[in-house]
There are 2 protein chains.
Amino acid sequence: MATISDVAARAGVSTATVSRVLNGKSTVDPALAERVTRAAEELSYTPNGLARNLRRRETAVLALIISDVENPFFTAIARGVEDTAQAAGYSVMLCNSDENPAKERRYVEVAAMERLAGVIMSPTTPDSDVRPLLEHRTPIVTVDRRLRSADCDAVLVDSRAAAKEATLHLAERGYTRIGCVAGPAGVMTADDRLAGFRDGIRAAQAKSSARWIRRCEFRGAAGRQAADHLLSLPEPPDALLVSSSTMAVGVLQALADRGLRAGRDVGIVAFDDAPWTTLIDPALTVVAQPAGAIGQLAARLLLARIADRTTTTSTTTMRAQLLIRDSSHR
Amino acid sequence: MATISDVAARAGVSTATVSRVLNGKSTVDPALAERVTRAAEELSYTPNGLARNLRRRETAVLALIISDVENPFFTAIARGVEDTAQAAGYSVMLCNSDENPAKERRYVEVAAMERLAGVIMSPTTPDSDVRPLLEHRTPIVTVDRRLRSADCDAVLVDSRAAAKEATLHLAERGYTRIGCVAGPAGVMTADDRLAGFRDGIRAAQAKSSARWIRRCEFRGAAGRQAADHLLSLPEPPDALLVSSSTMAVGVLQALADRGLRAGRDVGIVAFDDAPWTTLIDPALTVVAQPAGAIGQLAARLLLARIADRTTTTSTTTMRAQLLIRDSSHR
DNA sequence: GACGTTCGAGAAATCGATTACCACGCTATG
DNA sequence: CATAGCGTGGTAATCGATTTCTCGAACGTC
């Protein structure tokens, strides 16, 4: 309720002096400063951030637009971003685009309107519309996926190579009819992982069939349906590369429904190392992505760009790690 | 870059008219309106939210302060909040207090400074300091935990009754040395669940020992340590009530390390229904909390209070559901 | 034809801070 | 002793919108 003028009046000084004391920008007579701090204390004055932001033409808030708050991969990123931002005095506004371009677009608009300091996002499509941000020269860093419609920093994972490695691993383990539960067409990581899968099939000179590839949303229910479909083919795959841990939950349920055992009956490798992957029997072989590190790096890049927008953009590709456990051998 | 005056100049009208057209508050000559919208279009004008917020003395942003972004229970709440808020035209700022009163306090200050429209939080302690919010009469709704230091709406789960029910269930299933992996003292849900556990022990007239109760953080690693400790007692418990799914991951690892099987060797009931709980063998018996519904309700309550702060506060207690699966019988 | 009412649109105040600019007093130096 | 230089602190402009106030035109009624 109390404004800077109230404090100024009570301390018997001008608002300029109050501002100077509270921000410590310029030297003020210690006696005056004392009076001001006491007055502020007594009125329990909280500066109005809105007015401050307007005048300074900036906010110490970052947006993080991800496609699924309930996906552990993204929350691990969120944690990394949050920690780094918080340490630098920034707050994070977490937005859930739900893999929906319209929702994403709305958040982009909000970020532009609120003049947020910067945006970290995993674009739903490579051509997501970020013009409102570009017009305000709001720095953008993408994570997990690239953005074609803007020149910005990107922190990626070498999904394609990892998918190839995982597929080769399955082939080496003696699986001969390797299929893939892939993410939706148009989503960069989904396409990359599928491409990597094909690379792997080719490199292993393994048998392949388009029928063993099924694309669906990055969700448990969708993964289950996809696996159901694949496993009821006349000639079903005997191994599956699954593009995310959320899908893997559904795939494993589908196996259980049919009394099939991962590894022995159907080899499984899934992307993302979730806490539960070692609890199940057999333990799940996964492609672990350094999600926390991705978030931290993205935040650092963004903060650096906020401080200096002249540097050229960079793309960092982090390596994923194949953690071989028991779901990928008989 | 373009301001309302630029638009006004280009359309040959006053800024007041531009504002009126863009907000549709008052009627404006269609011809003028057309000129204004075109000018805004051509300049790709985005209103400055900061200026707007300052003038209107409000923001369409809510804060959601939770203690762990990586805990599925809280992300499910976040999702509920997000969906409801978004539908009402509000954005959500997600803050991770990490169960740390200092971090929590910082976010409370930020929310007060930025004059956010309202705050939904799960306080780290019942006496968390929310004075900055109270001074600005910022509406608060607590979820999962209550706040003693302020009179505000609360959406809770009847943890105590659920814990009692779960404990009785274990006793009925023939477990005789029932222990508890409880959350940190001072955290409301942790205390409630432990109290419910004791209620259950008493009601079942089961044997009990303080040594079978172990308190630790709501984390996997902490749960593992706690379980390790309990299982290496001279007379170890033969069943455990575990206070969260995050802890359960660690507890189950501890069991696996010792070659023990849930259910047969050690009966397990855990709070929170996570996607993976049916994937493991035996499937985990859980106390399912309606997290999404909690988030939705909390958001609705908050929006209602933002619209009308005169109504009296309410406390809603939702029922948790015991989902009996296989980890609670031999 | 005079007067009251309504409606539309511009001028200017306002939100609450920050900050550019200026005035004043004191010290140091030639 | 005069003046340049510096440190303080007040006045007022500024950020960019919204909103109140006011005025003029148009319209209707008697």
# chains A, B, ... in the order shown; residues from 1 in each chain; ligands from 1

call {"tool": "interface_residues", "arguments": {"of": "chain D", "to": "chain A", "cutoff": "7 Å", "atoms": "only C-alpha atoms (C1' of nucleotides)", "output": "list in words"}}
result
DT8, DG9, DG10 and DC15 of chain D

call {"tool": "write_last_selection", "arguments": {"atoms": "C-alpha atoms (C1' of nucleotides)", "output": "compact mmCIF listing (two decimals), in the first residue's frame"}}
result
# COMPACT_ATOMS: atom_id res chain seq x y z
C1' DT D 8 24.54 15.80 -2.14
C1' DG D 9 19.95 16.06 -2.75
C1' DG D 10 15.80 18.25 -4.80
C1' DC D 15 8.55 5.04 -18.94

call {"tool": "select_by_dssp", "arguments": {"residues": "range 29-206 of chain A", "states": "helix (DSSP H, G or I)", "output": "ChimeraX atom specification"}}
result
/A:30-42,49-56,72-87,101-113,131-135,159-172,188-204

call {"tool": "select_by_dssp", "arguments": {"residues": "range 45-156 of chain B", "states": "strand (DSSP E)", "output": "number ranges by chain"}}
result
B: 61-66, 91-96, 118-121, 140-143, 153-156

call {"tool": "residues_around", "arguments": {"residues": "DT6 in chain C", "least_positions_apart": "4", "cutoff": "12 Å", "atoms": "only C-alpha atoms (C1' of nucleotides)", "output": "VMD selection string"}}
result
chain D and resid 25 to 28

call {"tool": "closest_residue", "arguments": {"among": "A:Leu302, A:Ala166, A:Leu255, A:Ala154", "to": "chain B", "atoms": "only C-alpha atoms"}}
result
A:Leu255

call {"tool": "residues_around", "arguments": {"residues": "Ala270 in chain A", "least_positions_apart": "2", "cutoff": "10 Å", "atoms": "only C-alpha atoms (C1' of nucleotides)", "output": "list of chain:residue names"}}
result
A:Ala163, A:Ala166, A:Cys180, A:Val181, A:Leu240, A:Leu241, A:Val242, A:Ser243, A:Ser244, A:Ser245, A:Thr246, A:Met247, A:Ala248, A:Val249, A:Val251, A:Ile268, A:Asp272, A:Asp273, A:Thr277, A:Leu284, A:Thr285, A:Val286, A:Val287, A:Ala288, A:Leu322, A:Leu323, A:Ser327, A:Ser328

call {"tool": "interface_residues", "arguments": {"of": "chain B", "to": "chain A", "cutoff": "6 Å", "atoms": "only C-alpha atoms", "output": "short mmCIF file (atom, residue, chain, number, x, y, z; two decimals) with C-alpha atoms, in the first residue's frame"}}
result
data_model
loop_
_atom_site.label_atom_id
_atom_site.label_comp_id
_atom_site.auth_asym_id
_atom_site.auth_seq_id
_atom_site.Cartn_x
_atom_site.Cartn_y
_atom_site.Cartn_z
CA ASN B 48 3.46 -2.76 -23.25
CA GLY B 49 2.15 -5.00 -20.50
CA LEU B 50 4.32 -3.27 -17.94
CA ALA B 51 2.67 0.08 -18.52
CA LEU B 54 1.09 -0.28 -13.66
CA GLU B 70 10.39 -33.11 -10.00
CA THR B 75 3.55 -31.41 -11.27
CA MET B 93 4.65 -18.43 -12.66
CA LEU B 94 5.95 -21.70 -11.30
CA MET B 113 6.81 -6.88 -5.60
CA GLU B 114 5.45 -7.85 -8.97
CA ILE B 280 6.84 -52.99 -11.25
#

call {"tool": "interface_residues", "arguments": {"of": "chain C", "to": "chain B", "cutoff": "12 Å", "atoms": "only C-alpha atoms (C1' of nucleotides)", "output": "VMD selection string"}}
result
chain C and resid 7 to 17

call {"tool": "write_last_selection", "arguments": {"atoms": "N, CA and C atoms (P, O5', C5', C4', C3', O3' and C1' of nucleotides)", "output": "CSV table (one decimal), in the first residue's frame"}}
result
chain,number,residue,atom,x,y,z
C,7,DC,P,-26.1,6.9,-25.5
C,7,DC,O5',-24.9,7.2,-26.6
C,7,DC,C5',-25.3,7.8,-27.9
C,7,DC,C4',-24.0,8.4,-28.5
C,7,DC,C3',-22.7,7.6,-28.2
C,7,DC,O3',-22.1,7.3,-29.4
C,7,DC,C1',-22.4,9.9,-27.7
C,8,DG,P,-20.9,6.2,-29.4
C,8,DG,O5',-19.7,7.1,-30.0
C,8,DG,C5',-20.0,8.1,-31.1
C,8,DG,C4',-18.9,9.1,-31.2
C,8,DG,C3',-17.5,8.5,-31.1
C,8,DG,O3',-16.7,9.1,-32.1
C,8,DG,C1',-17.8,10.1,-29.5
C,9,DA,P,-15.3,8.4,-32.4
C,9,DA,O5',-14.3,9.5,-31.8
C,9,DA,C5',-14.3,10.8,-32.3
C,9,DA,C4',-13.4,11.7,-31.4
C,9,DA,C3',-12.1,11.1,-31.1
C,9,DA,O3',-11.1,12.1,-31.2
C,9,DA,C1',-13.1,11.7,-29.1
C,10,DG,P,-9.5,11.8,-31.5
C,10,DG,O5',-8.9,13.0,-30.8
C,10,DG,C5',-9.4,14.3,-31.0
C,10,DG,C4',-9.2,15.2,-29.8
C,10,DG,C3',-7.7,15.1,-29.2
C,10,DG,O3',-7.3,16.4,-28.8
C,10,DG,C1',-9.3,14.5,-27.5
C,11,DA,P,-5.8,16.6,-28.5
C,11,DA,O5',-5.8,17.3,-27.1
C,11,DA,C5',-7.0,17.9,-26.6
C,11,DA,C4',-6.8,18.4,-25.2
C,11,DA,C3',-5.4,18.5,-24.7
C,11,DA,O3',-5.4,19.5,-23.7
C,11,DA,C1',-6.5,16.7,-23.6
C,12,DA,P,-4.0,19.7,-22.9
C,12,DA,O5',-4.1,18.8,-21.6
C,12,DA,C5',-5.3,18.9,-20.9
C,12,DA,C4',-5.2,18.0,-19.7
C,12,DA,C3',-3.9,17.9,-19.0
C,12,DA,O3',-4.1,17.7,-17.6
C,12,DA,C1',-4.5,15.8,-19.6
C,13,DA,P,-2.9,17.9,-16.5
C,13,DA,O5',-3.4,16.9,-15.4
C,13,DA,C5',-4.8,16.7,-15.1
C,13,DA,C4',-5.0,15.4,-14.5
C,13,DA,C3',-4.0,14.9,-13.5
C,13,DA,O3',-4.7,14.3,-12.4
C,13,DA,C1',-4.0,13.3,-15.2
C,14,DT,P,-3.8,13.9,-11.1
C,14,DT,O5',-3.5,12.4,-11.4
C,14,DT,C5',-4.6,11.5,-11.7
C,14,DT,C4',-4.0,10.1,-12.0
C,14,DT,C3',-2.8,9.7,-11.1
C,14,DT,O3',-3.2,8.6,-10.3
C,14,DT,C1',-2.5,9.1,-13.4
C,15,DC,P,-2.5,8.4,-8.9
C,15,DC,O5',-1.9,6.9,-9.1
C,15,DC,C5',-2.6,5.9,-9.6
C,15,DC,C4',-1.7,4.9,-10.2
C,15,DC,C3',-0.4,4.8,-9.5
C,15,DC,O3',-0.5,3.7,-8.5
C,15,DC,C1',-0.1,4.7,-11.9
C,16,DG,P,0.1,4.0,-7.1
C,16,DG,O5',1.7,3.9,-7.2
C,16,DG,C5',2.3,2.7,-7.5
C,16,DG,C4',3.7,2.9,-7.9
C,16,DG,C3',4.5,3.6,-6.8
C,16,DG,O3',5.7,2.8,-6.6
C,16,DG,C1',4.9,4.6,-8.9
C,17,DA,P,6.6,3.0,-5.3
C,17,DA,O5',8.0,3.6,-5.9
C,17,DA,C5',9.0,2.7,-6.2
C,17,DA,C4',9.3,2.7,-7.7
C,17,DA,C3',10.7,3.3,-8.0
C,17,DA,O3',11.6,2.3,-8.1
C,17,DA,C1',9.0,4.1,-9.5

call {"tool": "residues_around", "arguments": {"residues": "range 28-30 of chain C", "least_positions_apart": "2", "cutoff": "12 Å", "atoms": "only C-alpha atoms (C1' of nucleotides)", "output": "ChimeraX atom specification"}}
result
/C:26 /D:1-6

call {"tool": "atom_distance", "arguments": {"atom1": "CA of Ile66 in chain B", "atom2": "CA of Ala291 in chain B"}}
result
12.8 Å

call {"tool": "decode", "arguments": {"residues": "range 78-207 of chain A", "atoms": "C-alpha atoms", "output": "PDB file, in the first residue's frame"}}
result
ATOM      1  CA  ALA A  78      13.090 -26.885 -15.563  1.00  0.00           C
ATOM      2  CA  ARG A  79      15.003 -27.584 -12.423  1.00  0.00           C
ATOM      3  CA  GLY A  80      18.309 -26.790 -14.078  1.00  0.00           C
ATOM      4  CA  VAL A  81      16.937 -23.548 -15.482  1.00  0.00           C
ATOM      5  CA  GLU A  82      15.359 -22.563 -12.196  1.00  0.00           C
ATOM      6  CA  ASP A  83      18.482 -23.141 -10.154  1.00  0.00           C
ATOM      7  CA  THR A  84      20.691 -21.150 -12.480  1.00  0.00           C
ATOM      8  CA  ALA A  85      18.217 -18.332 -12.933  1.00  0.00           C
ATOM      9  CA  GLN A  86      17.501 -18.037  -9.257  1.00  0.00           C
ATOM     10  CA  ALA A  87      21.186 -17.831  -8.443  1.00  0.00           C
ATOM     11  CA  ALA A  88      21.436 -14.893 -10.837  1.00  0.00           C
ATOM     12  CA  GLY A  89      18.469 -13.128  -9.270  1.00  0.00           C
ATOM     13  CA  TYR A  90      15.961 -14.040 -11.961  1.00  0.00           C
ATOM     14  CA  SER A  91      12.607 -15.716 -11.532  1.00  0.00           C
ATOM     15  CA  VAL A  92      11.190 -18.243 -13.945  1.00  0.00           C
ATOM     16  CA  MET A  93       7.725 -18.335 -15.403  1.00  0.00           C
ATOM     17  CA  LEU A  94       6.995 -21.904 -16.380  1.00  0.00           C
ATOM     18  CA  CYS A  95       4.586 -22.352 -19.241  1.00  0.00           C
ATOM     19  CA  ASN A  96       3.075 -25.570 -20.444  1.00  0.00           C
ATOM     20  CA  SER A  97       2.466 -25.531 -24.182  1.00  0.00           C
ATOM     21  CA  ASP A  98       1.128 -29.066 -24.203  1.00  0.00           C
ATOM     22  CA  GLU A  99       2.648 -29.609 -27.641  1.00  0.00           C
ATOM     23  CA  ASN A 100      -0.037 -27.251 -28.897  1.00  0.00           C
ATOM     24  CA  PRO A 101       1.111 -24.464 -31.244  1.00  0.00           C
ATOM     25  CA  ALA A 102      -1.794 -22.226 -30.265  1.00  0.00           C
ATOM     26  CA  LYS A 103      -1.022 -22.413 -26.568  1.00  0.00           C
ATOM     27  CA  GLU A 104       2.636 -21.939 -27.333  1.00  0.00           C
ATOM     28  CA  ARG A 105       1.847 -18.895 -29.394  1.00  0.00           C
ATOM     29  CA  ARG A 106      -0.186 -17.428 -26.552  1.00  0.00           C
ATOM     30  CA  TYR A 107       2.693 -17.769 -24.162  1.00  0.00           C
ATOM     31  CA  VAL A 108       5.035 -16.187 -26.668  1.00  0.00           C
ATOM     32  CA  GLU A 109       2.668 -13.246 -26.819  1.00  0.00           C
ATOM     33  CA  VAL A 110       2.469 -12.987 -23.064  1.00  0.00           C
ATOM     34  CA  ALA A 111       6.254 -13.068 -22.802  1.00  0.00           C
ATOM     35  CA  ALA A 112       6.495 -10.296 -25.372  1.00  0.00           C
ATOM     36  CA  MET A 113       3.787  -8.209 -23.728  1.00  0.00           C
ATOM     37  CA  GLU A 114       5.250  -8.543 -20.278  1.00  0.00           C
ATOM     38  CA  ARG A 115       8.642  -7.664 -21.716  1.00  0.00           C
ATOM     39  CA  LEU A 116      10.228 -10.646 -20.033  1.00  0.00           C
ATOM     40  CA  ALA A 117      14.006 -10.644 -20.004  1.00  0.00           C
ATOM     41  CA  GLY A 118      14.324 -13.797 -22.090  1.00  0.00           C
ATOM     42  CA  VAL A 119      12.702 -17.035 -23.161  1.00  0.00           C
ATOM     43  CA  ILE A 120      13.820 -20.642 -23.072  1.00  0.00           C
ATOM     44  CA  MET A 121      11.613 -22.933 -25.083  1.00  0.00           C
ATOM     45  CA  SER A 122      11.311 -26.323 -26.694  1.00  0.00           C
ATOM     46  CA  PRO A 123       9.359 -25.322 -29.806  1.00  0.00           C
ATOM     47  CA  THR A 124       6.436 -27.530 -30.757  1.00  0.00           C
ATOM     48  CA  THR A 125       7.524 -27.211 -34.385  1.00  0.00           C
ATOM     49  CA  PRO A 126      10.699 -25.871 -36.024  1.00  0.00           C
ATOM     50  CA  ASP A 127       8.585 -23.103 -37.509  1.00  0.00           C
ATOM     51  CA  SER A 128       6.843 -21.999 -34.365  1.00  0.00           C
ATOM     52  CA  ASP A 129       5.901 -18.356 -34.569  1.00  0.00           C
ATOM     53  CA  VAL A 130       8.093 -16.279 -32.302  1.00  0.00           C
ATOM     54  CA  ARG A 131       7.780 -12.964 -34.134  1.00  0.00           C
ATOM     55  CA  PRO A 132       6.457 -11.066 -31.114  1.00  0.00           C
ATOM     56  CA  LEU A 133       9.698 -11.903 -29.350  1.00  0.00           C
ATOM     57  CA  LEU A 134      11.878 -11.055 -32.312  1.00  0.00           C
ATOM     58  CA  GLU A 135      10.269  -7.645 -32.625  1.00  0.00           C
ATOM     59  CA  HIS A 136      11.261  -6.833 -29.076  1.00  0.00           C
ATOM     60  CA  ARG A 137      14.664  -8.391 -29.513  1.00  0.00           C
ATOM     61  CA  THR A 138      13.904 -10.672 -26.605  1.00  0.00           C
ATOM     62  CA  PRO A 139      16.672 -13.246 -26.395  1.00  0.00           C
ATOM     63  CA  ILE A 140      15.587 -16.829 -27.040  1.00  0.00           C
ATOM     64  CA  VAL A 141      17.342 -20.081 -26.299  1.00  0.00           C
ATOM     65  CA  THR A 142      15.841 -23.326 -27.483  1.00  0.00           C
ATOM     66  CA  VAL A 143      16.293 -26.594 -25.666  1.00  0.00           C
ATOM     67  CA  ASP A 144      15.863 -30.098 -26.996  1.00  0.00           C
ATOM     68  CA  ARG A 145      14.673 -28.770 -30.341  1.00  0.00           C
ATOM     69  CA  ARG A 146      15.805 -26.246 -32.885  1.00  0.00           C
ATOM     70  CA  LEU A 147      13.918 -23.270 -34.226  1.00  0.00           C
ATOM     71  CA  ARG A 148      14.145 -22.522 -37.932  1.00  0.00           C
ATOM     72  CA  SER A 149      12.188 -19.301 -37.725  1.00  0.00           C
ATOM     73  CA  ALA A 150      14.771 -17.476 -35.641  1.00  0.00           C
ATOM     74  CA  ASP A 151      18.477 -17.331 -35.196  1.00  0.00           C
ATOM     75  CA  CYS A 152      19.012 -18.230 -31.569  1.00  0.00           C
ATOM     76  CA  ASP A 153      21.140 -20.266 -29.238  1.00  0.00           C
ATOM     77  CA  ALA A 154      20.208 -23.909 -29.030  1.00  0.00           C
ATOM     78  CA  VAL A 155      21.062 -26.640 -26.589  1.00  0.00           C
ATOM     79  CA  LEU A 156      20.414 -29.991 -28.184  1.00  0.00           C
ATOM     80  CA  VAL A 157      21.074 -33.622 -27.620  1.00  0.00           C
ATOM     81  CA  ASP A 158      22.479 -35.756 -30.359  1.00  0.00           C
ATOM     82  CA  SER A 159      19.285 -37.743 -30.571  1.00  0.00           C
ATOM     83  CA  ARG A 160      20.006 -39.143 -33.969  1.00  0.00           C
ATOM     84  CA  ALA A 161      23.360 -40.617 -33.087  1.00  0.00           C
ATOM     85  CA  ALA A 162      21.956 -41.910 -29.816  1.00  0.00           C
ATOM     86  CA  ALA A 163      19.029 -43.552 -31.563  1.00  0.00           C
ATOM     87  CA  LYS A 164      21.399 -45.151 -34.049  1.00  0.00           C
ATOM     88  CA  GLU A 165      23.588 -46.444 -31.259  1.00  0.00           C
ATOM     89  CA  ALA A 166      20.592 -47.836 -29.421  1.00  0.00           C
ATOM     90  CA  THR A 167      19.319 -49.547 -32.555  1.00  0.00           C
ATOM     91  CA  LEU A 168      22.724 -51.051 -33.308  1.00  0.00           C
ATOM     92  CA  HIS A 169      22.853 -52.261 -29.742  1.00  0.00           C
ATOM     93  CA  LEU A 170      19.574 -54.100 -30.204  1.00  0.00           C
ATOM     94  CA  ALA A 171      20.802 -55.623 -33.446  1.00  0.00           C
ATOM     95  CA  GLU A 172      24.024 -56.750 -31.830  1.00  0.00           C
ATOM     96  CA  ARG A 173      22.055 -58.395 -29.094  1.00  0.00           C
ATOM     97  CA  GLY A 174      20.480 -60.605 -31.698  1.00  0.00           C
ATOM     98  CA  TYR A 175      17.119 -58.982 -32.223  1.00  0.00           C
ATOM     99  CA  THR A 176      16.183 -59.265 -35.871  1.00  0.00           C
ATOM    100  CA  ARG A 177      12.867 -57.505 -36.279  1.00  0.00           C
ATOM    101  CA  ILE A 178      13.475 -54.145 -34.683  1.00  0.00           C
ATOM    102  CA  GLY A 179      10.615 -51.659 -34.603  1.00  0.00           C
ATOM    103  CA  CYS A 180      10.221 -48.133 -33.360  1.00  0.00           C
ATOM    104  CA  VAL A 181       7.637 -46.231 -31.375  1.00  0.00           C
ATOM    105  CA  ALA A 182       8.373 -42.753 -32.631  1.00  0.00           C
ATOM    106  CA  GLY A 183       7.058 -39.337 -31.686  1.00  0.00           C
ATOM    107  CA  PRO A 184       4.797 -37.162 -33.838  1.00  0.00           C
ATOM    108  CA  ALA A 185       6.013 -36.128 -37.292  1.00  0.00           C
ATOM    109  CA  GLY A 186       7.217 -32.546 -37.322  1.00  0.00           C
ATOM    110  CA  VAL A 187       8.607 -32.575 -33.817  1.00  0.00           C
ATOM    111  CA  MET A 188      12.324 -32.314 -34.240  1.00  0.00           C
ATOM    112  CA  THR A 189      13.458 -34.847 -31.687  1.00  0.00           C
ATOM    113  CA  ALA A 190      10.850 -37.308 -32.897  1.00  0.00           C
ATOM    114  CA  ASP A 191      12.085 -37.019 -36.460  1.00  0.00           C
ATOM    115  CA  ASP A 192      15.721 -37.157 -35.411  1.00  0.00           C
ATOM    116  CA  ARG A 193      15.275 -40.262 -33.357  1.00  0.00           C
ATOM    117  CA  LEU A 194      13.416 -41.966 -36.132  1.00  0.00           C
ATOM    118  CA  ALA A 195      16.157 -40.999 -38.585  1.00  0.00           C
ATOM    119  CA  GLY A 196      18.731 -42.381 -36.162  1.00  0.00           C
ATOM    120  CA  PHE A 197      16.728 -45.563 -35.888  1.00  0.00           C
ATOM    121  CA  ARG A 198      16.815 -45.920 -39.667  1.00  0.00           C
ATOM    122  CA  ASP A 199      20.541 -45.202 -39.683  1.00  0.00           C
ATOM    123  CA  GLY A 200      20.979 -47.990 -37.178  1.00  0.00           C
ATOM    124  CA  ILE A 201      18.871 -50.454 -39.154  1.00  0.00           C
ATOM    125  CA  ARG A 202      20.870 -49.656 -42.267  1.00  0.00           C
ATOM    126  CA  ALA A 203      24.229 -49.904 -40.506  1.00  0.00           C
ATOM    127  CA  ALA A 204      23.288 -53.219 -38.964  1.00  0.00           C
ATOM    128  CA  GLN A 205      21.922 -54.419 -42.287  1.00  0.00           C
ATOM    129  CA  ALA A 206      18.946 -55.525 -40.276  1.00  0.00           C
ATOM    130  CA  LYS A 207      15.621 -56.459 -41.723  1.00  0.00           C
TER     131      LYS A 207
END
